[in-house]
$ cat data-v4.txt   # compact mmCIF, C-alpha atoms and all ligand atoms
# COMPACT_ATOMS: atom_id res chain seq x y z
CA MET A 1 107.39 24.69 -38.77
CA THR A 2 107.45 23.78 -35.07
CA SER A 3 104.07 23.69 -33.40
CA LEU A 4 102.90 23.05 -29.89
CA LEU A 5 99.45 22.76 -28.39
CA LEU A 6 98.97 23.68 -24.73
CA ARG A 7 95.86 22.79 -22.79
CA GLY A 8 94.82 24.56 -19.59
CA ARG A 9 92.71 27.38 -18.17
CA LEU A 10 93.46 30.46 -20.29
CA LEU A 11 93.36 33.99 -18.88
CA SER A 12 94.15 37.10 -20.91
CA PHE A 13 92.96 40.71 -20.60
CA HIS A 14 91.37 42.68 -23.45
CA ARG A 15 91.59 45.96 -21.53
CA ALA A 16 91.84 47.30 -17.96
CA PRO A 17 89.06 45.80 -15.82
CA GLU A 18 86.74 48.41 -14.30
CA SER A 19 85.70 46.24 -11.36
CA LEU A 20 85.61 42.65 -10.16
CA ALA A 21 82.32 42.26 -12.04
CA ASP A 22 83.85 43.35 -15.37
CA THR A 23 83.95 39.93 -17.04
CA ALA A 24 83.99 41.55 -20.49
CA SER A 25 87.50 42.88 -19.82
CA TYR A 26 89.14 39.46 -20.11
CA LEU A 27 89.11 36.09 -21.84
CA TYR A 28 88.77 33.14 -19.48
CA GLU A 29 88.63 29.71 -21.09
CA GLU A 30 88.05 26.91 -18.57
CA ASP A 31 89.16 24.16 -20.99
CA GLY A 32 91.37 26.22 -23.23
CA GLY A 33 93.78 25.44 -26.02
CA LEU A 34 96.71 27.50 -27.21
CA LEU A 35 98.36 26.64 -30.51
CA ILE A 36 101.91 27.92 -30.86
CA GLU A 37 103.64 28.03 -34.23
CA ASP A 38 107.16 29.34 -34.73
CA GLY A 39 107.20 31.06 -31.36
CA ARG A 40 103.91 32.87 -31.83
CA ILE A 41 100.34 32.26 -30.72
CA ALA A 42 98.56 30.90 -33.79
CA LYS A 43 95.22 30.24 -32.11
CA ALA A 44 93.65 30.57 -28.66
CA GLY A 45 90.20 29.42 -27.59
CA PRO A 46 88.22 26.39 -26.47
CA TYR A 47 90.50 23.34 -26.53
CA ALA A 48 88.28 21.36 -28.92
CA ALA A 49 88.26 24.15 -31.53
CA VAL A 50 91.99 24.79 -31.29
CA LYS A 51 92.77 21.09 -31.44
CA ALA A 52 90.65 20.79 -34.57
CA ALA A 53 92.70 23.53 -36.22
CA ALA A 54 96.06 21.96 -35.30
CA ALA A 55 98.04 19.56 -37.45
CA ALA A 56 97.57 15.90 -36.54
CA GLU A 57 101.19 15.48 -35.42
CA VAL A 58 101.24 18.53 -33.11
CA THR A 59 103.03 18.08 -29.77
CA GLU A 60 100.56 18.47 -26.89
CA VAL A 61 101.24 19.50 -23.30
CA ASP A 62 98.37 19.20 -20.87
CA HIS A 63 98.67 21.81 -18.11
CA ARG A 64 95.24 21.21 -16.62
CA PRO A 65 94.13 22.20 -14.00
CA HIS A 66 96.59 25.09 -14.07
CA LEU A 67 96.14 28.59 -15.41
CA ILE A 68 97.96 29.72 -18.56
CA LEU A 69 98.62 33.47 -18.71
CA PRO A 70 100.84 35.74 -20.77
CA GLY A 71 104.35 35.88 -19.28
CA LEU A 72 104.70 38.43 -16.50
CA ILE A 73 106.38 41.76 -17.21
CA ASP A 74 108.63 43.77 -14.87
CA THR A 75 109.04 47.40 -15.97
CA HIS A 76 111.93 48.51 -13.71
CA VAL A 77 114.81 46.46 -12.39
CA HIS A 78 118.56 46.89 -11.91
CA PHE A 79 120.58 44.11 -13.50
CA PRO A 80 123.75 44.84 -11.41
CA GLN A 81 121.89 44.73 -8.09
CA MET A 82 121.33 41.00 -7.60
CA GLN A 83 123.90 41.11 -4.81
CA VAL A 84 122.49 44.35 -3.38
CA ILE A 85 119.00 43.01 -2.59
CA ALA A 86 118.47 42.67 1.18
CA SER A 87 120.97 45.39 2.16
CA TYR A 88 120.19 47.10 5.45
CA ALA A 89 119.95 50.90 5.00
CA ALA A 90 118.03 53.82 6.45
CA ASN A 91 116.96 55.39 3.16
CA LEU A 92 117.58 55.68 -0.58
CA LEU A 93 120.70 57.86 -0.61
CA GLU A 94 122.43 55.89 2.17
CA TRP A 95 121.53 52.64 0.40
CA LEU A 96 122.92 53.91 -2.91
CA ASN A 97 126.19 55.19 -1.44
CA THR A 98 126.84 52.34 1.00
CA TYR A 99 125.90 49.27 -1.02
CA THR A 100 124.70 49.96 -4.51
CA PHE A 101 127.41 52.10 -6.03
CA PRO A 102 130.29 49.93 -4.72
CA GLU A 103 128.54 46.81 -6.03
CA GLU A 104 127.91 48.31 -9.47
CA CYS A 105 131.65 49.12 -9.72
CA ARG A 106 132.29 45.37 -9.98
CA PHE A 107 130.57 45.32 -13.38
CA VAL A 108 133.67 46.80 -14.96
CA GLU A 109 134.74 43.12 -15.07
CA THR A 110 133.14 41.44 -18.07
CA ALA A 111 133.34 37.98 -16.48
CA HIS A 112 131.37 39.22 -13.46
CA ALA A 113 128.68 40.83 -15.65
CA GLU A 114 128.38 37.63 -17.69
CA ARG A 115 128.04 35.47 -14.59
CA ILE A 116 125.34 37.70 -13.11
CA ALA A 117 123.50 37.81 -16.46
CA THR A 118 123.11 34.03 -16.31
CA HIS A 119 121.66 34.21 -12.81
CA PHE A 120 119.48 37.17 -13.77
CA TYR A 121 117.64 35.37 -16.57
CA ASP A 122 117.42 32.13 -14.61
CA GLU A 123 115.74 33.98 -11.76
CA PHE A 124 113.26 35.79 -13.99
CA LEU A 125 112.25 32.54 -15.68
CA ARG A 126 111.86 30.91 -12.28
CA GLN A 127 109.44 33.71 -11.33
CA GLY A 128 107.42 33.56 -14.56
CA THR A 129 108.69 36.93 -15.75
CA THR A 130 109.45 36.87 -19.48
CA THR A 131 110.16 40.56 -20.10
CA ALA A 132 111.99 43.05 -17.90
CA VAL A 133 113.14 46.62 -18.32
CA ALA A 134 116.59 46.90 -16.82
CA TYR A 135 119.24 49.40 -15.90
CA CYS A 136 122.68 47.97 -16.57
CA SER A 137 125.73 49.59 -14.94
CA VAL A 138 127.63 52.56 -16.38
CA HIS A 139 129.99 50.14 -18.14
CA LYS A 140 129.14 49.33 -21.74
CA SER A 141 130.33 45.77 -21.14
CA SER A 142 127.47 45.26 -18.65
CA ALA A 143 124.95 46.09 -21.38
CA ASP A 144 126.79 43.75 -23.74
CA ALA A 145 126.50 40.90 -21.21
CA PHE A 146 122.83 41.73 -20.57
CA PHE A 147 121.81 41.73 -24.24
CA ALA A 148 124.00 38.81 -25.31
CA GLU A 149 122.37 36.57 -22.70
CA ALA A 150 118.85 37.85 -23.58
CA MET A 151 119.52 36.87 -27.18
CA ARG A 152 120.79 33.45 -26.16
CA ARG A 153 117.48 32.92 -24.32
CA ASN A 154 115.40 34.57 -27.05
CA MET A 155 113.79 36.82 -24.43
CA LEU A 156 112.25 40.23 -25.12
CA MET A 157 114.24 42.56 -22.91
CA VAL A 158 114.55 46.32 -22.64
CA GLY A 159 117.77 47.67 -21.16
CA GLY A 160 120.27 50.45 -21.19
CA LYS A 161 123.78 51.39 -20.24
CA VAL A 162 123.35 53.80 -17.33
CA MET A 163 124.57 57.35 -17.95
CA MET A 164 126.01 58.97 -14.80
CA ASP A 165 128.76 61.59 -14.59
CA ARG A 166 128.73 62.92 -11.00
CA HIS A 167 127.94 62.17 -7.32
CA ALA A 168 129.15 58.58 -7.45
CA PRO A 169 132.52 56.80 -7.07
CA GLN A 170 135.07 57.39 -9.83
CA GLY A 171 134.70 53.83 -11.09
CA LEU A 172 131.06 54.50 -11.85
CA LEU A 173 131.32 57.73 -13.82
CA ASP A 174 131.27 58.40 -17.53
CA THR A 175 131.26 61.87 -19.09
CA PRO A 176 128.63 63.56 -21.24
CA GLN A 177 130.59 62.57 -24.37
CA LEU A 178 131.43 59.03 -23.24
CA GLY A 179 127.87 58.40 -22.03
CA TYR A 180 126.60 59.57 -25.42
CA ASP A 181 129.14 57.57 -27.45
CA GLU A 182 128.71 54.35 -25.51
CA THR A 183 124.90 54.55 -25.45
CA ARG A 184 125.02 55.06 -29.20
CA ALA A 185 127.33 52.06 -29.54
CA VAL A 186 124.96 49.91 -27.45
CA ILE A 187 122.03 51.00 -29.63
CA GLU A 188 123.87 50.25 -32.86
CA GLN A 189 125.11 46.91 -31.57
CA TRP A 190 122.00 45.58 -29.85
CA HIS A 191 118.74 47.39 -30.63
CA GLY A 192 116.54 45.22 -32.83
CA LYS A 193 118.94 42.26 -32.58
CA GLY A 194 116.95 39.22 -31.52
CA ARG A 195 114.14 40.65 -29.41
CA ASN A 196 116.32 43.31 -27.76
CA HIS A 197 115.19 46.88 -27.13
CA VAL A 198 117.71 49.48 -25.97
CA ALA A 199 116.59 52.24 -23.61
CA ILE A 200 118.29 55.62 -23.17
CA THR A 201 119.13 55.52 -19.45
CA PRO A 202 120.27 58.62 -17.57
CA ARG A 203 120.17 57.19 -14.01
CA PHE A 204 118.56 60.25 -12.37
CA ALA A 205 119.11 63.99 -12.20
CA ILE A 206 121.44 63.77 -9.17
CA THR A 207 124.01 61.69 -11.07
CA SER A 208 123.77 63.54 -14.40
CA THR A 209 125.12 67.04 -15.00
CA PRO A 210 123.05 69.35 -17.21
CA GLU A 211 125.61 68.62 -19.95
CA GLN A 212 124.88 64.92 -19.68
CA MET A 213 121.13 65.59 -19.70
CA ARG A 214 121.67 67.41 -22.99
CA ALA A 215 123.57 64.39 -24.31
CA ALA A 216 120.60 62.19 -23.34
CA GLN A 217 118.33 64.68 -25.10
CA ALA A 218 120.46 64.45 -28.25
CA LEU A 219 120.13 60.65 -28.17
CA ALA A 220 116.36 60.91 -27.67
CA GLU A 221 116.15 63.20 -30.70
CA GLU A 222 118.30 60.90 -32.81
CA TYR A 223 116.42 57.78 -31.77
CA PRO A 224 112.82 58.95 -31.13
CA ASP A 225 111.40 55.40 -31.01
CA LEU A 226 113.57 54.22 -28.14
CA HIS A 227 112.45 53.89 -24.55
CA ILE A 228 113.89 56.34 -22.04
CA GLN A 229 114.14 55.37 -18.39
CA THR A 230 115.13 57.30 -15.29
CA HIS A 231 114.09 57.84 -11.67
CA LEU A 232 111.74 60.56 -10.43
CA SER A 233 110.59 61.81 -7.04
CA GLU A 234 111.35 58.76 -4.92
CA ASN A 235 112.42 60.23 -1.60
CA GLN A 236 112.07 63.65 0.07
CA GLU A 237 115.81 64.14 0.63
CA GLU A 238 116.49 63.10 -2.98
CA ILE A 239 113.90 65.60 -4.23
CA ARG A 240 115.43 68.43 -2.19
CA PHE A 241 118.97 67.69 -3.38
CA THR A 242 117.82 67.35 -7.00
CA CYS A 243 116.03 70.71 -6.97
CA GLU A 244 119.18 72.35 -5.51
CA LEU A 245 121.21 70.91 -8.37
CA TYR A 246 118.78 72.27 -10.99
CA PRO A 247 117.72 75.64 -9.48
CA ASP A 248 116.15 76.88 -12.71
CA ALA A 249 113.70 73.99 -12.97
CA THR A 250 110.15 74.45 -11.62
CA ASP A 251 110.28 71.04 -9.94
CA TYR A 252 111.86 67.58 -10.37
CA THR A 253 109.65 66.64 -13.33
CA ASP A 254 110.53 69.88 -15.08
CA ILE A 255 114.21 68.87 -15.21
CA TYR A 256 113.35 65.95 -17.49
CA ALA A 257 110.74 67.99 -19.40
CA ARG A 258 113.28 70.72 -20.19
CA HIS A 259 115.62 68.13 -21.61
CA GLY A 260 113.02 66.64 -23.91
CA LEU A 261 113.02 63.37 -21.99
CA LEU A 262 109.27 62.97 -21.38
CA GLY A 263 106.90 61.14 -23.73
CA LYS A 264 105.02 57.93 -24.39
CA LYS A 265 108.17 55.77 -24.28
CA THR A 266 109.48 57.33 -21.04
CA LEU A 267 109.45 55.21 -17.88
CA LEU A 268 109.85 57.12 -14.61
CA GLY A 269 110.74 54.90 -11.68
CA HIS A 270 108.84 55.63 -8.44
CA ALA A 271 107.20 59.08 -9.07
CA ILE A 272 105.77 58.92 -5.56
CA HIS A 273 105.70 62.53 -4.35
CA LEU A 274 104.33 64.39 -7.38
CA SER A 275 102.55 67.75 -7.25
CA GLU A 276 99.34 68.16 -9.26
CA ARG A 277 101.37 70.13 -11.79
CA GLU A 278 103.84 67.30 -12.19
CA ALA A 279 101.09 64.68 -12.53
CA ASP A 280 99.52 66.88 -15.23
CA VAL A 281 102.83 67.02 -17.10
CA LEU A 282 103.20 63.22 -16.99
CA ALA A 283 99.60 62.79 -18.18
CA GLU A 284 99.95 65.35 -20.97
CA THR A 285 103.18 63.85 -22.28
CA GLY A 286 101.97 60.24 -21.89
CA SER A 287 104.95 59.41 -19.68
CA VAL A 288 104.68 56.34 -17.47
CA ALA A 289 105.03 56.38 -13.68
CA VAL A 290 106.49 53.04 -12.64
CA HIS A 291 105.30 51.86 -9.24
CA CYS A 292 107.86 49.79 -7.29
CA PRO A 293 105.99 48.84 -4.12
CA THR A 294 108.42 46.48 -2.38
CA SER A 295 111.22 49.00 -2.92
CA ASN A 296 109.16 51.93 -1.70
CA LEU A 297 108.36 50.09 1.53
CA PHE A 298 111.83 48.59 1.96
CA LEU A 299 113.60 51.95 1.58
CA GLY A 300 110.84 53.82 3.40
CA SER A 301 110.36 56.05 0.36
CA GLY A 302 106.60 56.60 0.54
CA LEU A 303 103.16 55.40 -0.51
CA PHE A 304 102.51 55.67 -4.27
CA PRO A 305 98.96 56.91 -4.94
CA LEU A 306 98.25 54.41 -7.74
CA LYS A 307 94.46 54.59 -7.71
CA ALA A 308 94.40 58.37 -7.32
CA LEU A 309 96.77 58.86 -10.26
CA ALA A 310 94.84 56.41 -12.44
CA ARG A 311 91.44 58.05 -11.89
CA ARG A 312 92.50 61.69 -12.36
CA GLU A 313 90.70 63.72 -14.98
CA LYS A 314 94.04 63.54 -16.76
CA PRO A 315 95.10 59.99 -15.82
CA VAL A 316 98.76 59.13 -15.45
CA ARG A 317 99.90 55.96 -17.23
CA ILE A 318 101.24 53.45 -14.71
CA GLY A 319 103.56 50.44 -14.78
CA VAL A 320 104.41 48.07 -11.93
CA ALA A 321 107.86 46.71 -11.16
CA THR A 322 110.17 45.01 -8.67
CA ASP A 323 113.05 47.55 -8.67
CA ILE A 324 115.55 44.84 -7.70
CA GLY A 325 117.76 45.46 -5.63
CA GLY A 326 115.92 48.33 -3.84
CA GLY A 327 112.95 46.03 -4.17
CA SER A 328 112.86 43.02 -1.90
CA SER A 329 111.35 40.33 -4.16
CA TYR A 330 111.75 39.12 -7.74
CA SER A 331 108.14 37.93 -7.72
CA MET A 332 105.47 39.97 -9.48
CA PHE A 333 102.95 38.35 -7.10
CA LYS A 334 104.80 39.74 -4.10
CA THR A 335 105.08 43.05 -5.94
CA LEU A 336 101.33 43.34 -6.45
CA ASP A 337 100.69 42.01 -2.94
CA GLU A 338 102.66 44.96 -1.56
CA ALA A 339 100.96 47.32 -4.03
CA TYR A 340 97.64 46.11 -2.64
CA LYS A 341 98.74 46.84 0.93
CA ILE A 342 99.95 50.33 0.01
CA GLN A 343 96.53 51.09 -1.46
CA GLN A 344 94.92 49.71 1.72
CA LEU A 345 96.95 52.20 3.77
CA LEU A 346 95.75 54.97 1.45
CA GLY A 347 92.12 53.89 1.88
CA GLU A 348 91.92 52.54 -1.69
CA ARG A 349 91.10 49.14 -3.20
CA LEU A 350 93.29 47.35 -5.73
CA ASP A 351 91.34 44.33 -6.89
CA PRO A 352 92.97 41.10 -8.11
CA LEU A 353 91.70 41.45 -11.67
CA GLU A 354 93.43 44.82 -11.90
CA SER A 355 96.60 43.35 -10.36
CA PHE A 356 96.81 40.55 -12.91
CA TYR A 357 95.97 42.98 -15.70
CA ARG A 358 98.83 45.20 -14.51
CA MET A 359 101.47 42.44 -14.40
CA THR A 360 100.56 41.33 -17.94
CA ARG A 361 98.72 43.50 -20.45
CA GLY A 362 98.93 46.68 -18.35
CA ASN A 363 102.72 46.59 -18.30
CA ALA A 364 102.81 45.72 -22.01
CA GLU A 365 100.68 48.83 -22.67
CA ALA A 366 102.98 50.87 -20.43
CA LEU A 367 105.87 49.75 -22.67
CA SER A 368 103.89 50.31 -25.91
CA LEU A 369 104.60 46.63 -26.67
CA VAL A 370 101.09 45.17 -26.40
CA ASP A 371 101.17 44.20 -30.07
CA ARG A 372 103.87 41.66 -29.13
CA ILE A 373 103.55 40.66 -25.45
CA GLY A 374 101.20 40.76 -22.46
CA THR A 375 98.18 38.92 -23.94
CA LEU A 376 97.21 35.59 -25.50
CA GLU A 377 96.08 37.27 -28.68
CA GLU A 378 96.76 35.51 -31.96
CA GLY A 379 99.89 36.70 -33.73
CA THR A 380 101.66 37.81 -30.55
CA ASP A 381 104.79 36.19 -29.14
CA ALA A 382 104.20 33.00 -27.15
CA ASP A 383 105.69 34.22 -23.86
CA LEU A 384 103.61 32.43 -21.23
CA VAL A 385 103.41 31.46 -17.62
CA VAL A 386 101.62 28.42 -16.17
CA LEU A 387 100.38 28.94 -12.61
CA ASN A 388 99.28 26.62 -9.83
CA ALA A 389 97.32 28.33 -7.08
CA ALA A 390 97.64 25.18 -4.91
CA ALA A 391 101.42 24.95 -5.09
CA THR A 392 102.15 24.78 -1.37
CA PRO A 393 100.33 23.05 1.51
CA ALA A 394 99.01 26.39 2.79
CA MET A 395 97.83 27.41 -0.67
CA ARG A 396 96.23 24.02 -1.29
CA LEU A 397 94.32 24.24 1.97
CA ARG A 398 93.08 27.75 1.21
CA MET A 399 92.13 26.71 -2.34
CA GLU A 400 89.59 24.28 -0.83
CA THR A 401 87.41 27.31 0.00
CA VAL A 402 87.97 29.23 -3.25
CA SER A 403 85.14 29.22 -5.77
CA THR A 404 85.72 32.14 -8.17
CA LEU A 405 88.51 33.19 -10.52
CA PRO A 406 89.15 36.53 -8.72
CA GLU A 407 89.46 34.63 -5.41
CA GLU A 408 91.99 32.29 -6.97
CA LEU A 409 93.98 35.19 -8.40
CA PHE A 410 93.98 36.97 -5.06
CA LEU A 411 95.26 33.83 -3.37
CA LEU A 412 98.02 33.52 -5.97
CA GLN A 413 99.00 37.15 -5.41
CA THR A 414 98.90 36.95 -1.63
CA LEU A 415 100.52 33.55 -1.00
CA GLY A 416 102.19 32.81 -4.33
CA ASP A 417 105.82 33.06 -5.34
CA ASP A 418 108.10 31.11 -7.70
CA ARG A 419 106.71 27.84 -6.32
CA ALA A 420 103.38 28.68 -7.97
CA VAL A 421 105.10 28.97 -11.38
CA VAL A 422 104.80 25.55 -12.97
CA GLU A 423 106.35 26.53 -16.29
CA THR A 424 107.51 29.59 -18.18
CA TYR A 425 107.51 29.64 -21.98
CA VAL A 426 109.69 32.02 -23.98
CA ALA A 427 108.61 32.33 -27.61
CA GLY A 428 107.01 28.91 -27.29
CA GLN A 429 110.02 27.20 -25.66
CA ALA A 430 109.73 25.80 -22.14
CA GLY A 431 112.10 27.92 -20.02
CA LYS A 432 111.68 27.17 -16.34
CA SER A 433 111.72 23.38 -16.45
CA THR A 434 114.87 23.41 -18.59
CA LEU A 435 116.98 25.61 -16.29
CA VAL A 436 120.37 24.21 -15.40
CA ALA A 437 120.64 23.61 -11.66
CA PRO A 438 123.00 26.22 -10.11
CA SER A 439 125.05 23.40 -8.58
CA GLN A 440 125.78 22.09 -12.06
CA ARG A 441 126.68 25.49 -13.44
CA GLU A 442 129.66 26.47 -11.31
N1 LIG B 1 117.68 56.27 -7.86
C1 LIG B 1 118.83 56.31 -8.56
N2 LIG B 1 119.38 55.10 -8.67
C2 LIG B 1 118.56 54.26 -8.05
C3 LIG B 1 118.59 52.85 -7.83
O1 LIG B 1 119.51 52.13 -8.23
N3 LIG B 1 117.54 52.33 -7.13
C4 LIG B 1 116.51 53.10 -6.68
N4 LIG B 1 115.52 52.53 -6.01
N5 LIG B 1 116.48 54.41 -6.85
C5 LIG B 1 117.48 54.98 -7.53
FE FE B 2 115.37 51.83 -9.55
$ encode --input "data-v4.txt" --output "structure tokens" --more "lines below"
Ligand code: GUN
Ligand code: FE
Amino acid sequence: MTSLLLRGRLLSFHRAPESLADTASYLYEEDGGLLIEDGRIAKAGPYAAVKAAAAAEVTEVDHRPHLILPGLIDTHVHFPQMQVIASYAANLLEWLNTYTFPEECRFVETAHAERIATHFYDEFLRQGTTTAVAYCSVHKSSADAFFAEAMRRNMLMVGGKVMMDRHAPQGLLDTPQLGYDETRAVIEQWHGKGRNHVAITPRFAITSTPEQMRAAQALAEEYPDLHIQTHLSENQEEIRFTCELYPDATDYTDIYARHGLLGKKTLLGHAIHLSEREADVLAETGSVAVHCPTSNLFLGSGLFPLKALARREKPVRIGVATDIGGGSSYSMFKTLDEAYKIQQLLGERLDPLESFYRMTRGNAEALSLVDRIGTLEEGTDADLVVLNAAATPAMRLRMETVSTLPEELFLLQTLGDDRAVVETYVAGQAGKSTLVAPSQRE
């Protein structure tokens, strides 16, 4: 049995914090110990107590004075868009047609997909993100590259071969039958292998014919435990075009509802411009609206009413995500920083406890995976991030005036990026410090 004892300031949420004063919503251990055995958290608590429970020969790593949190979770990202990020476009549909679709065509080449997969996981580890939910390209080989590399790194990843059979270049189209067959093949080959989870992934209603939606529905019925991911209500022009393509549907949400695609494992990227009826449908089905703040600002898509959706009489479940490459940063700190600013513009407050809850436990709950990831609870997987809120000269200077944990978290969120990530652990293995330098890789 391999065991490791980490020492540092532990932070883990028990539930969503109700306010900055809600100290009962989290565990904070100033001199904490975390015992890891066989990739799982065996014990968490005061260092002295955890040390006493550990074997005498345990390997110790002292991370004081840094914070130790559960690894960060990103609930919506596009694996084939690492070379799309930072593309100059007026809006979503122009961005898709001009940059994104041509780039995704390159993933027909297995060697290209494998090369990008290496960079993808390196970058997530650099940012302290240990789980991501990804769209691959339409090509099955892109999903193969994605999951093979996740397994090599022992990371818990959710991903799917995108299904799309219209309104895109020829090189990016499957058919209802091919999309069904290849998704099924990806599920059979990868779901449950290592820590892999396969998601049924019709890209969005514009790029799927009703026949393909029915194929996605058939998959959802055959594999009811799988995640389903798609995009919803991101941009006004997109919404108009979508409703023209599905004239019988009441609204955008109804298209997915009619095809049996809503439910507790369904992740709906963006969901910005929902009617009350649509928000009710998401709440009633337990579907998750995934907020992608840097993307929504970058593409000018709109301001997601996070606080308003969360406090409805029928609350909508919410995840937070980068949406690389529509999103403009891989960092979950930058993501929540922009989420904060969007709420400011809407006259709402998003406090730092809630932000850190959302990038850890909140996203694990959104994925129905909180029994495995997102906390420091005993028995869960030892995916961790070690954070230094004084990582840069500007952060160090500001830290001189910080005296509370929420202040420190807010500083990390506002000024932090990958430089604040001291270490990332994946199932108890140090991940960030062991990355191969890009210059040595190719
Ligand atoms: N809608 C359909 N595809 C995409 C995509 O790749 N990115 C974003 N932001 N929205 C989409
Ligand atoms: Fe997206």
$ axis_aligned_box --input "data-v4.txt" --around "region 372-388 of chain A" --padding-each-side "8 Å" --output "JSON"
{"center_x": 100.9, "center_y": 34.1, "center_z": -21.8, "size_x": 25.6, "size_y": 31.0, "size_z": 39.9}
$ residues_near_ligand --input "data-v4.txt" --ligand "ligand LIG 1 (chain B)" --cutoff "6 Å" --atoms "only C-alpha atoms and all ligand atoms" --output "ChimeraX atom specification"
/A:203-204,231,326
$ residues_near_ligand --input "data-v4.txt" --ligand "ligand FE 2 (chain B)" --cutoff "9 Å" --atoms "all atoms listed in the file" --output "MDAnalysis selection string"
chainID A and resid 76:78 134:135 203 230:231 269:270 292 295 322:327
$ closest_residue --input "data-v4.txt" --among "A:Leu6, A:Ala86, A:Leu299, A:Gly71" --to "Ala54 (chain A)" --atoms "all atoms listed in the file"
A:Leu6
$ closest_residue --input "data-v4.txt" --among "A:Glu276, A:Glu338, A:Thr392, A:Leu384" --to "Ile36 (chain A)" --atoms "only C-alpha atoms"
A:Leu384
$ closest_residue --input "data-v4.txt" --among "A:Ser275, A:Thr250, A:Thr129, A:Gln343" --to "His291 (chain A)" --atoms "all atoms listed in the file"
A:Gln343
$ closest_residue --input "data-v4.txt" --among "A:Thr110, A:Ser87, A:Ser287, A:Gln229" --to "Glu365 (chain A)" --atoms "only C-alpha atoms"
A:Ser287
$ closest_residue --input "data-v4.txt" --among "A:Asn91, A:Thr335, A:Ser25, A:Thr414" --to "Ser301 (chain A)" --atoms "all atoms listed in the file"
A:Asn91
$ closest_residue --input "data-v4.txt" --among "A:Phe124, A:Phe333, A:Tyr28, A:Trp190" --to "Ala420 (chain A)" --atoms "all atoms listed in the file"
A:Phe333
$ residues_around --input "data-v4.txt" --residues "Leu387 (chain A)" --least-positions-apart "5" --cutoff "6 Å" --atoms "all atoms listed in the file" --output "NGL selection string"
:A and (66-67 or 420-422)
$ residues_around --input "data-v4.txt" --residues "Ser208 (chain A)" --least-positions-apart "4" --cutoff "6 Å" --atoms "only C-alpha atoms" --output "list in words"
Met164, Asp165 and Gln212 of chain A
$ atom_distance --input "data-v4.txt" --atom1 "CA of Lys51 (chain A)" --atom2 "CA of Leu35 (chain A)"
7.9 Å
$ atom_distance --input "data-v4.txt" --atom1 "CA of Ala216 (chain A)" --atom2 "CA of Asp371 (chain A)"
27.3 Å
$ atom_distance --input "data-v4.txt" --atom1 "CA of Thr130 (chain A)" --atom2 "CA of Thr285 (chain A)"
27.8 Å
$ closest_atom_pairs --input "data-v4.txt" --of "region 80-111 of chain A" --to "region 171-179 of chain A" --cutoff "10 Å" --atoms "only C-alpha atoms" --output "CSV"
residue,atom,partner,partner_atom,distance
A:Phe101,CA,A:Leu172,CA,7.3
A:Pro102,CA,A:Leu172,CA,8.5
A:Glu103,CA,A:Leu172,CA,10.0
A:Glu104,CA,A:Leu172,CA,7.3
A:Cys105,CA,A:Gly171,CA,5.8
A:Arg106,CA,A:Gly171,CA,8.9
A:Phe107,CA,A:Leu172,CA,9.3
A:Val108,CA,A:Gly171,CA,8.1
$ residues_near_point --input "data-v4.txt" --point "(102.5, 54.4, -11.2)" --cutoff "7 Å" --atoms "only C-alpha atoms" --output "PyMOL selection string"
chain A and resi 271+288-291+306+317-320
$ residues_near_point --input "data-v4.txt" --point "(109.8, 66.1, -2.0)" --cutoff "6 Å" --atoms "only C-alpha atoms" --output "MDAnalysis selection string"
chainID A and resid 236 239 273
$ residues_around --input "data-v4.txt" --residues "Tyr47 (chain A)" --least-positions-apart "5" --cutoff "8 Å" --atoms "only C-alpha atoms" --output "PDB file with C-alpha atoms, keeping the file's coordinate frame"
ATOM      1  CA  ARG A   7      95.860  22.790 -22.790  1.00  0.00           C
ATOM      2  CA  ASP A  31      89.160  24.160 -20.990  1.00  0.00           C
ATOM      3  CA  GLY A  32      91.370  26.220 -23.230  1.00  0.00           C
ATOM      4  CA  GLY A  33      93.780  25.440 -26.020  1.00  0.00           C
ATOM      5  CA  LEU A  34      96.710  27.500 -27.210  1.00  0.00           C
TER       6      LEU A  34
END
$ residues_around --input "data-v4.txt" --residues "Glu423 (chain A)" --least-positions-apart "2" --cutoff "9 Å" --atoms "all atoms listed in the file" --output "PDB file with C-alpha atoms, keeping the file's coordinate frame"
ATOM      1  CA  LEU A 125     112.250  32.540 -15.680  1.00  0.00           C
ATOM      2  CA  ARG A 126     111.860  30.910 -12.280  1.00  0.00           C
ATOM      3  CA  GLY A 128     107.420  33.560 -14.560  1.00  0.00           C
ATOM      4  CA  LEU A 384     103.610  32.430 -21.230  1.00  0.00           C
ATOM      5  CA  VAL A 385     103.410  31.460 -17.620  1.00  0.00           C
ATOM      6  CA  VAL A 386     101.620  28.420 -16.170  1.00  0.00           C
ATOM      7  CA  LEU A 387     100.380  28.940 -12.610  1.00  0.00           C
ATOM      8  CA  VAL A 421     105.100  28.970 -11.380  1.00  0.00           C
ATOM      9  CA  TYR A 425     107.510  29.640 -21.980  1.00  0.00           C
ATOM     10  CA  ALA A 430     109.730  25.800 -22.140  1.00  0.00           C
ATOM     11  CA  GLY A 431     112.100  27.920 -20.020  1.00  0.00           C
ATOM     12  CA  LYS A 432     111.680  27.170 -16.340  1.00  0.00           C
ATOM     13  CA  SER A 433     111.720  23.380 -16.450  1.00  0.00           C
TER      14      SER A 433
END
